[in-house]
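**Student:** Pasting start-v1.pdb here (PDB, N, CA and C atoms, pLDDT in the B column):
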```
ATOM      1  N   MET U   1       0.830  -1.178   0.000  1.00 53.00           N
ATOM      2  CA  MET U   1       0.000   0.000   0.000  1.00 53.00           C
ATOM      3  C   MET U   1       0.879   1.247   0.000  1.00 53.00           C
ATOM      4  N   GLN U   2       0.470   2.240  -0.756  1.00 57.00           N
ATOM      5  CA  GLN U   2       1.250   3.464  -0.877  1.00 57.00           C
ATOM      6  C   GLN U   2       0.938   4.436   0.240  1.00 57.00           C
ATOM      7  N   GLU U   3       1.943   5.196   0.598  1.00 61.00           N
ATOM      8  CA  GLU U   3       1.723   6.269   1.541  1.00 61.00           C
ATOM      9  C   GLU U   3       1.154   7.463   0.773  1.00 61.00           C
ATOM     10  N   PRO U   4       0.221   8.194   1.349  1.00 63.00           N
ATOM     11  CA  PRO U   4      -0.429   9.278   0.602  1.00 63.00           C
ATOM     12  C   PRO U   4       0.490  10.447   0.266  1.00 63.00           C
ATOM     13  N   ASN U   5       1.575  10.651   0.998  1.00 61.00           N
ATOM     14  CA  ASN U   5       2.432  11.807   0.731  1.00 61.00           C
ATOM     15  C   ASN U   5       3.562  11.507  -0.246  1.00 61.00           C
ATOM     16  N   LYS U   6       3.673  10.269  -0.728  1.00 70.00           N
ATOM     17  CA  LYS U   6       4.724   9.935  -1.688  1.00 70.00           C
ATOM     18  C   LYS U   6       4.219  10.147  -3.106  1.00 70.00           C
ATOM     19  N   LYS U   7       5.067  10.727  -3.934  1.00 76.00           N
ATOM     20  CA  LYS U   7       4.729  10.921  -5.345  1.00 76.00           C
ATOM     21  C   LYS U   7       5.710  10.121  -6.184  1.00 76.00           C
ATOM     22  N   GLU U   8       5.183   9.377  -7.142  1.00 83.00           N
ATOM     23  CA  GLU U   8       6.043   8.623  -8.039  1.00 83.00           C
ATOM     24  C   GLU U   8       6.491   9.517  -9.185  1.00 83.00           C
ATOM     25  N   VAL U   9       7.737   9.376  -9.562  1.00 90.00           N
ATOM     26  CA  VAL U   9       8.271  10.114 -10.695  1.00 90.00           C
ATOM     27  C   VAL U   9       8.203   9.189 -11.898  1.00 90.00           C
ATOM     28  N   VAL U  10       7.443   9.608 -12.906  1.00 93.00           N
ATOM     29  CA  VAL U  10       7.282   8.800 -14.110  1.00 93.00           C
ATOM     30  C   VAL U  10       7.953   9.532 -15.266  1.00 93.00           C
ATOM     31  N   VAL U  11       8.848   8.833 -15.962  1.00 94.00           N
ATOM     32  CA  VAL U  11       9.542   9.398 -17.117  1.00 94.00           C
ATOM     33  C   VAL U  11       9.292   8.513 -18.329  1.00 94.00           C
ATOM     34  N   SER U  12       9.457   9.072 -19.505  1.00 96.00           N
ATOM     35  CA  SER U  12       9.321   8.276 -20.726  1.00 96.00           C
ATOM     36  C   SER U  12      10.697   7.789 -21.157  1.00 96.00           C
ATOM     37  N   ALA U  13      10.700   6.627 -21.786  1.00 97.00           N
ATOM     38  CA  ALA U  13      11.960   6.000 -22.192  1.00 97.00           C
ATOM     39  C   ALA U  13      11.701   5.101 -23.390  1.00 97.00           C
ATOM     40  N   GLN U  14      12.789   4.593 -23.953  1.00 97.00           N
ATOM     41  CA  GLN U  14      12.706   3.666 -25.073  1.00 97.00           C
ATOM     42  C   GLN U  14      13.484   2.409 -24.720  1.00 97.00           C
ATOM     43  N   VAL U  15      12.890   1.244 -24.992  1.00 97.00           N
ATOM     44  CA  VAL U  15      13.527  -0.034 -24.692  1.00 97.00           C
ATOM     45  C   VAL U  15      14.646  -0.273 -25.690  1.00 97.00           C
ATOM     46  N   ILE U  16      15.858  -0.554 -25.180  1.00 97.00           N
ATOM     47  CA  ILE U  16      16.986  -0.808 -26.073  1.00 97.00           C
ATOM     48  C   ILE U  16      17.479  -2.245 -26.005  1.00 97.00           C
ATOM     49  N   GLU U  17      17.100  -2.985 -24.941  1.00 96.00           N
ATOM     50  CA  GLU U  17      17.529  -4.380 -24.836  1.00 96.00           C
ATOM     51  C   GLU U  17      16.558  -5.139 -23.947  1.00 96.00           C
ATOM     52  N   ALA U  18      16.215  -6.362 -24.355  1.00 96.00           N
ATOM     53  CA  ALA U  18      15.362  -7.237 -23.554  1.00 96.00           C
ATOM     54  C   ALA U  18      16.253  -8.268 -22.868  1.00 96.00           C
ATOM     55  N   LEU U  19      16.075  -8.420 -21.569  1.00 96.00           N
ATOM     56  CA  LEU U  19      16.870  -9.338 -20.763  1.00 96.00           C
ATOM     57  C   LEU U  19      15.959 -10.430 -20.197  1.00 96.00           C
ATOM     58  N   PRO U  20      16.511 -11.503 -19.631  1.00 95.00           N
ATOM     59  CA  PRO U  20      15.665 -12.570 -19.069  1.00 95.00           C
ATOM     60  C   PRO U  20      14.832 -12.089 -17.878  1.00 95.00           C
ATOM     61  N   ASN U  21      13.773 -12.835 -17.566  1.00 92.00           N
ATOM     62  CA  ASN U  21      12.903 -12.608 -16.411  1.00 92.00           C
ATOM     63  C   ASN U  21      12.238 -11.232 -16.418  1.00 92.00           C
ATOM     64  N   THR U  22      11.767 -10.810 -17.565  1.00 91.00           N
ATOM     65  CA  THR U  22      11.054  -9.536 -17.767  1.00 91.00           C
ATOM     66  C   THR U  22      11.833  -8.321 -17.275  1.00 91.00           C
ATOM     67  N   PHE U  23      13.140  -8.355 -17.413  1.00 96.00           N
ATOM     68  CA  PHE U  23      13.974  -7.180 -17.184  1.00 96.00           C
ATOM     69  C   PHE U  23      14.281  -6.551 -18.532  1.00 96.00           C
ATOM     70  N   PHE U  24      14.418  -5.240 -18.540  1.00 97.00           N
ATOM     71  CA  PHE U  24      14.708  -4.507 -19.773  1.00 97.00           C
ATOM     72  C   PHE U  24      15.724  -3.426 -19.492  1.00 97.00           C
ATOM     73  N   LYS U  25      16.537  -3.126 -20.496  1.00 97.00           N
ATOM     74  CA  LYS U  25      17.416  -1.971 -20.417  1.00 97.00           C
ATOM     75  C   LYS U  25      16.774  -0.886 -21.258  1.00 97.00           C
ATOM     76  N   VAL U  26      16.563   0.289 -20.653  1.00 97.00           N
ATOM     77  CA  VAL U  26      15.893   1.387 -21.350  1.00 97.00           C
ATOM     78  C   VAL U  26      16.782   2.617 -21.347  1.00 97.00           C
ATOM     79  N   LYS U  27      16.524   3.504 -22.306  1.00 97.00           N
ATOM     80  CA  LYS U  27      17.233   4.783 -22.408  1.00 97.00           C
ATOM     81  C   LYS U  27      16.221   5.884 -22.158  1.00 97.00           C
ATOM     82  N   ARG U  28      16.451   6.674 -21.105  1.00 95.00           N
ATOM     83  CA  ARG U  28      15.537   7.754 -20.750  1.00 95.00           C
ATOM     84  C   ARG U  28      15.583   8.872 -21.777  1.00 95.00           C
ATOM     85  N   ASP U  29      14.433   9.520 -21.989  1.00 94.00           N
ATOM     86  CA  ASP U  29      14.349  10.600 -22.963  1.00 94.00           C
ATOM     87  C   ASP U  29      14.910  11.909 -22.425  1.00 94.00           C
ATOM     88  N   ASP U  30      14.742  12.164 -21.139  1.00 91.00           N
ATOM     89  CA  ASP U  30      15.133  13.464 -20.596  1.00 91.00           C
ATOM     90  C   ASP U  30      16.639  13.673 -20.492  1.00 91.00           C
ATOM     91  N   ASN U  31      17.401  12.642 -20.114  1.00 91.00           N
ATOM     92  CA  ASN U  31      18.852  12.834 -19.984  1.00 91.00           C
ATOM     93  C   ASN U  31      19.676  11.784 -20.717  1.00 91.00           C
ATOM     94  N   GLY U  32      19.053  10.844 -21.405  1.00 89.00           N
ATOM     95  CA  GLY U  32      19.782   9.851 -22.182  1.00 89.00           C
ATOM     96  C   GLY U  32      20.444   8.768 -21.357  1.00 89.00           C
ATOM     97  N   GLU U  33      20.132   8.696 -20.069  1.00 91.00           N
ATOM     98  CA  GLU U  33      20.728   7.705 -19.184  1.00 91.00           C
ATOM     99  C   GLU U  33      20.133   6.327 -19.443  1.00 91.00           C
ATOM    100  N   GLU U  34      20.976   5.296 -19.444  1.00 95.00           N
ATOM    101  CA  GLU U  34      20.506   3.925 -19.565  1.00 95.00           C
ATOM    102  C   GLU U  34      20.275   3.373 -18.171  1.00 95.00           C
ATOM    103  N   MET U  35      19.162   2.656 -17.998  1.00 95.00           N
ATOM    104  CA  MET U  35      18.882   2.091 -16.691  1.00 95.00           C
ATOM    105  C   MET U  35      18.187   0.747 -16.827  1.00 95.00           C
ATOM    106  N   LEU U  36      18.269  -0.046 -15.771  1.00 96.00           N
ATOM    107  CA  LEU U  36      17.658  -1.365 -15.722  1.00 96.00           C
ATOM    108  C   LEU U  36      16.241  -1.220 -15.177  1.00 96.00           C
ATOM    109  N   THR U  37      15.278  -1.846 -15.847  1.00 96.00           N
ATOM    110  CA  THR U  37      13.888  -1.779 -15.414  1.00 96.00           C
ATOM    111  C   THR U  37      13.285  -3.169 -15.421  1.00 96.00           C
ATOM    112  N   TYR U  38      12.183  -3.292 -14.705  1.00 96.00           N
ATOM    113  CA  TYR U  38      11.441  -4.543 -14.700  1.00 96.00           C
ATOM    114  C   TYR U  38       9.980  -4.248 -15.000  1.00 96.00           C
ATOM    115  N   LEU U  39       9.245  -5.271 -15.368  1.00 96.00           N
ATOM    116  CA  LEU U  39       7.850  -5.124 -15.761  1.00 96.00           C
ATOM    117  C   LEU U  39       6.958  -5.104 -14.524  1.00 96.00           C
ATOM    118  N   SER U  40       5.972  -4.232 -14.496  1.00 94.00           N
ATOM    119  CA  SER U  40       5.067  -4.149 -13.344  1.00 94.00           C
ATOM    120  C   SER U  40       4.169  -5.384 -13.287  1.00 94.00           C
ATOM    121  N   GLY U  41       3.609  -5.620 -12.126  1.00 92.00           N
ATOM    122  CA  GLY U  41       2.774  -6.800 -11.909  1.00 92.00           C
ATOM    123  C   GLY U  41       1.530  -6.834 -12.782  1.00 92.00           C
ATOM    124  N   LYS U  42       0.888  -5.673 -12.967  1.00 93.00           N
ATOM    125  CA  LYS U  42      -0.318  -5.622 -13.805  1.00 93.00           C
ATOM    126  C   LYS U  42       0.009  -5.948 -15.261  1.00 93.00           C
ATOM    127  N   MET U  43       1.172  -5.516 -15.722  1.00 93.00           N
ATOM    128  CA  MET U  43       1.548  -5.804 -17.106  1.00 93.00           C
ATOM    129  C   MET U  43       1.860  -7.291 -17.268  1.00 93.00           C
ATOM    130  N   ARG U  44       2.437  -7.912 -16.248  1.00 93.00           N
ATOM    131  CA  ARG U  44       2.663  -9.363 -16.289  1.00 93.00           C
ATOM    132  C   ARG U  44       1.340 -10.104 -16.256  1.00 93.00           C
ATOM    133  N   LEU U  45       0.436  -9.657 -15.380  1.00 95.00           N
ATOM    134  CA  LEU U  45      -0.856 -10.313 -15.208  1.00 95.00           C
ATOM    135  C   LEU U  45      -1.654 -10.317 -16.508  1.00 95.00           C
ATOM    136  N   HIS U  46      -1.666  -9.198 -17.216  1.00 95.00           N
ATOM    137  CA  HIS U  46      -2.428  -9.081 -18.458  1.00 95.00           C
ATOM    138  C   HIS U  46      -1.604  -9.437 -19.697  1.00 95.00           C
ATOM    139  N   ARG U  47      -0.392  -9.933 -19.472  1.00 94.00           N
ATOM    140  CA  ARG U  47       0.506 -10.411 -20.540  1.00 94.00           C
ATOM    141  C   ARG U  47       0.720  -9.375 -21.636  1.00 94.00           C
ATOM    142  N   ILE U  48       1.018  -8.157 -21.229  1.00 93.00           N
ATOM    143  CA  ILE U  48       1.315  -7.097 -22.186  1.00 93.00           C
ATOM    144  C   ILE U  48       2.758  -7.249 -22.621  1.00 93.00           C
ATOM    145  N   ARG U  49       2.968  -7.364 -23.905  1.00 94.00           N
ATOM    146  CA  ARG U  49       4.308  -7.605 -24.442  1.00 94.00           C
ATOM    147  C   ARG U  49       5.049  -6.297 -24.644  1.00 94.00           C
ATOM    148  N   VAL U  50       6.312  -6.308 -24.292  1.00 96.00           N
ATOM    149  CA  VAL U  50       7.179  -5.153 -24.505  1.00 96.00           C
ATOM    150  C   VAL U  50       8.339  -5.626 -25.358  1.00 96.00           C
ATOM    151  N   MET U  51       8.557  -4.957 -26.475  1.00 95.00           N
ATOM    152  CA  MET U  51       9.607  -5.336 -27.410  1.00 95.00           C
ATOM    153  C   MET U  51      10.670  -4.246 -27.484  1.00 95.00           C
ATOM    154  N   VAL U  52      11.812  -4.595 -28.043  1.00 96.00           N
ATOM    155  CA  VAL U  52      12.886  -3.624 -28.244  1.00 96.00           C
ATOM    156  C   VAL U  52      12.382  -2.550 -29.199  1.00 96.00           C
ATOM    157  N   GLY U  53      12.602  -1.295 -28.837  1.00 96.00           N
ATOM    158  CA  GLY U  53      12.158  -0.173 -29.651  1.00 96.00           C
ATOM    159  C   GLY U  53      10.863   0.445 -29.180  1.00 96.00           C
ATOM    160  N   ASP U  54      10.144  -0.215 -28.264  1.00 96.00           N
ATOM    161  CA  ASP U  54       8.887   0.330 -27.755  1.00 96.00           C
ATOM    162  C   ASP U  54       9.135   1.543 -26.869  1.00 96.00           C
ATOM    163  N   ARG U  55       8.193   2.471 -26.883  1.00 97.00           N
ATOM    164  CA  ARG U  55       8.211   3.617 -25.966  1.00 97.00           C
ATOM    165  C   ARG U  55       7.447   3.196 -24.724  1.00 97.00           C
ATOM    166  N   VAL U  56       7.997   3.446 -23.553  1.00 97.00           N
ATOM    167  CA  VAL U  56       7.386   3.029 -22.304  1.00 97.00           C
ATOM    168  C   VAL U  56       7.419   4.165 -21.284  1.00 97.00           C
ATOM    169  N   ALA U  57       6.540   4.070 -20.286  1.00 97.00           N
ATOM    170  CA  ALA U  57       6.560   4.976 -19.137  1.00 97.00           C
ATOM    171  C   ALA U  57       7.191   4.220 -17.980  1.00 97.00           C
ATOM    172  N   VAL U  58       8.201   4.817 -17.361  1.00 96.00           N
ATOM    173  CA  VAL U  58       8.956   4.166 -16.293  1.00 96.00           C
ATOM    174  C   VAL U  58       8.766   4.942 -14.998  1.00 96.00           C
ATOM    175  N   GLU U  59       8.370   4.217 -13.956  1.00 95.00           N
ATOM    176  CA  GLU U  59       8.248   4.805 -12.620  1.00 95.00           C
ATOM    177  C   GLU U  59       9.581   4.589 -11.906  1.00 95.00           C
ATOM    178  N   LEU U  60      10.220   5.668 -11.502  1.00 93.00           N
ATOM    179  CA  LEU U  60      11.544   5.581 -10.896  1.00 93.00           C
ATOM    180  C   LEU U  60      11.443   5.208  -9.421  1.00 93.00           C
ATOM    181  N   GLU U  61      12.387   4.395  -8.964  1.00 90.00           N
ATOM    182  CA  GLU U  61      12.460   4.049  -7.555  1.00 90.00           C
ATOM    183  C   GLU U  61      13.083   5.212  -6.791  1.00 90.00           C
ATOM    184  N   PRO U  62      12.679   5.438  -5.557  1.00 86.00           N
ATOM    185  CA  PRO U  62      13.223   6.581  -4.812  1.00 86.00           C
ATOM    186  C   PRO U  62      14.710   6.463  -4.512  1.00 86.00           C
ATOM    187  N   TYR U  63      15.259   5.246  -4.489  1.00 84.00           N
ATOM    188  CA  TYR U  63      16.662   5.058  -4.164  1.00 84.00           C
ATOM    189  C   TYR U  63      17.550   5.034  -5.400  1.00 84.00           C
ATOM    190  N   GLY U  64      16.973   5.098  -6.582  1.00 77.00           N
ATOM    191  CA  GLY U  64      17.741   5.101  -7.812  1.00 77.00           C
ATOM    192  C   GLY U  64      18.138   3.694  -8.229  1.00 77.00           C
ATOM    193  N   GLY U  65      18.748   3.603  -9.387  1.00 80.00           N
ATOM    194  CA  GLY U  65      19.226   2.311  -9.854  1.00 80.00           C
ATOM    195  C   GLY U  65      18.275   1.610 -10.799  1.00 80.00           C
ATOM    196  N   LYS U  66      17.098   1.267 -10.326  1.00 92.00           N
ATOM    197  CA  LYS U  66      16.134   0.533 -11.142  1.00 92.00           C
ATOM    198  C   LYS U  66      14.864   1.351 -11.327  1.00 92.00           C
ATOM    199  N   GLY U  67      14.022   0.855 -12.220  1.00 95.00           N
ATOM    200  CA  GLY U  67      12.724   1.460 -12.431  1.00 95.00           C
ATOM    201  C   GLY U  67      11.725   0.375 -12.782  1.00 95.00           C
ATOM    202  N   ARG U  68      10.446   0.748 -12.815  1.00 95.00           N
ATOM    203  CA  ARG U  68       9.386  -0.207 -13.133  1.00 95.00           C
ATOM    204  C   ARG U  68       8.607   0.301 -14.333  1.00 95.00           C
ATOM    205  N   ILE U  69       8.467  -0.542 -15.343  1.00 96.00           N
ATOM    206  CA  ILE U  69       7.703  -0.175 -16.529  1.00 96.00           C
ATOM    207  C   ILE U  69       6.217  -0.302 -16.183  1.00 96.00           C
ATOM    208  N   VAL U  70       5.493   0.811 -16.273  1.00 96.00           N
ATOM    209  CA  VAL U  70       4.085   0.825 -15.885  1.00 96.00           C
ATOM    210  C   VAL U  70       3.141   0.992 -17.070  1.00 96.00           C
ATOM    211  N   LYS U  71       3.667   1.427 -18.216  1.00 96.00           N
ATOM    212  CA  LYS U  71       2.791   1.649 -19.378  1.00 96.00           C
ATOM    213  C   LYS U  71       3.602   1.505 -20.659  1.00 96.00           C
ATOM    214  N   ARG U  72       2.968   0.954 -21.671  1.00 94.00           N
ATOM    215  CA  ARG U  72       3.610   0.825 -22.979  1.00 94.00           C
ATOM    216  C   ARG U  72       2.910   1.758 -23.948  1.00 94.00           C
ATOM    217  N   GLY U  73       3.722   2.413 -24.769  1.00 86.00           N
ATOM    218  CA  GLY U  73       3.121   3.260 -25.792  1.00 86.00           C
ATOM    219  C   GLY U  73       3.081   4.711 -25.510  1.00 86.00           C
TER     220      GLY U  73
END
```
Would you write the structure of this file as structure tokens?

**Tutor:**
Amino acid sequence: MQEPNKKEVVVSAQVIEALPNTFFKVKRDDNGEEMLTYLSGKMRLHRIRVMVGDRVAVELEPYGGKGRIVKRG
């Protein structure tokens, strides 16, 4: 459950590499940084496919390092 005072930072990115276990390497649009991301639970549940070259919305973790893909397109 989320705390009401926390805000998620969502950025747009492009998938540049698909890795095992629904991990992806993406390149952020705002600063060109490459980062490791994983697929959100809802996207796994509904079997939404993400391919190399797709535009995605990534929710950044507060501690940095990884992100979660929350939307495709």

**Student:** What are the DSSP strand (DSSP E) residues of segment 18-64 of chain U, as a VMD selection string?

**Tutor:** chain U and resid 18 to 19 23 to 28 34 to 39 55 to 60

**Student:** Closest to Tyr38 of chain U among U:Gly64, U:Phe24, U:Lys7, U:Val58, using all atoms listed in the file?

**Tutor:**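 Under the stated criterion, the closest residue is U:Phe24.
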
**Student:** Skipping near chain neighbours, those fewer than 6 positions away, what residues fall within 7 Å of segment 14-22 of chain U using only N, CA and C atoms, listed as JSON, numbers by chain?

**Tutor:** {"U": [28, 29, 37, 38, 39, 51, 52, 53, 54, 55, 56]}

**Student:** Please indicate the distance in Å from atom C of Gly73 of chain U to atom CA of Lys6 of chain U, rounded to one decimal place.

**Tutor:**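 Separating atom C of Gly73 of chain U from atom CA of Lys6 of chain U is a distance of 24.4 Å.
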
**Student:** Measure the distance from atom CA of Val70 of chain U to atom CA of Ala57 of chain U in Å and round it to one decimal.

**Tutor:** 5.8 Å

**Student:** In Å, rounded to a single decimal, give me how far atom CA of Leu45 of chain U is from atom CA of Ile69 of chain U.

**Tutor:** 13.3 Å

**Student:** Going by DSSP on the backbone, which bits of chain U are alpha helix (DSSP H)? Write them as a list in words, please.

**Tutor:**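 Across chain U, those assigned alpha helix (DSSP H) are Gly41, Lys42, Met43, Arg44 and Leu45 of chain U.
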
**Student:** Can you sort out the box for segment 65-68 of chain U, edges along x, y and z, all listed atoms in, 4 Å on every side, with centre and edge lengths in Å to one decimal, as JSON?

**Tutor:**
```
{"center_x": 13.9, "center_y": 1.7, "center_z": -11.9, "size_x": 18.6, "size_y": 11.8, "size_z": 12.9}
```
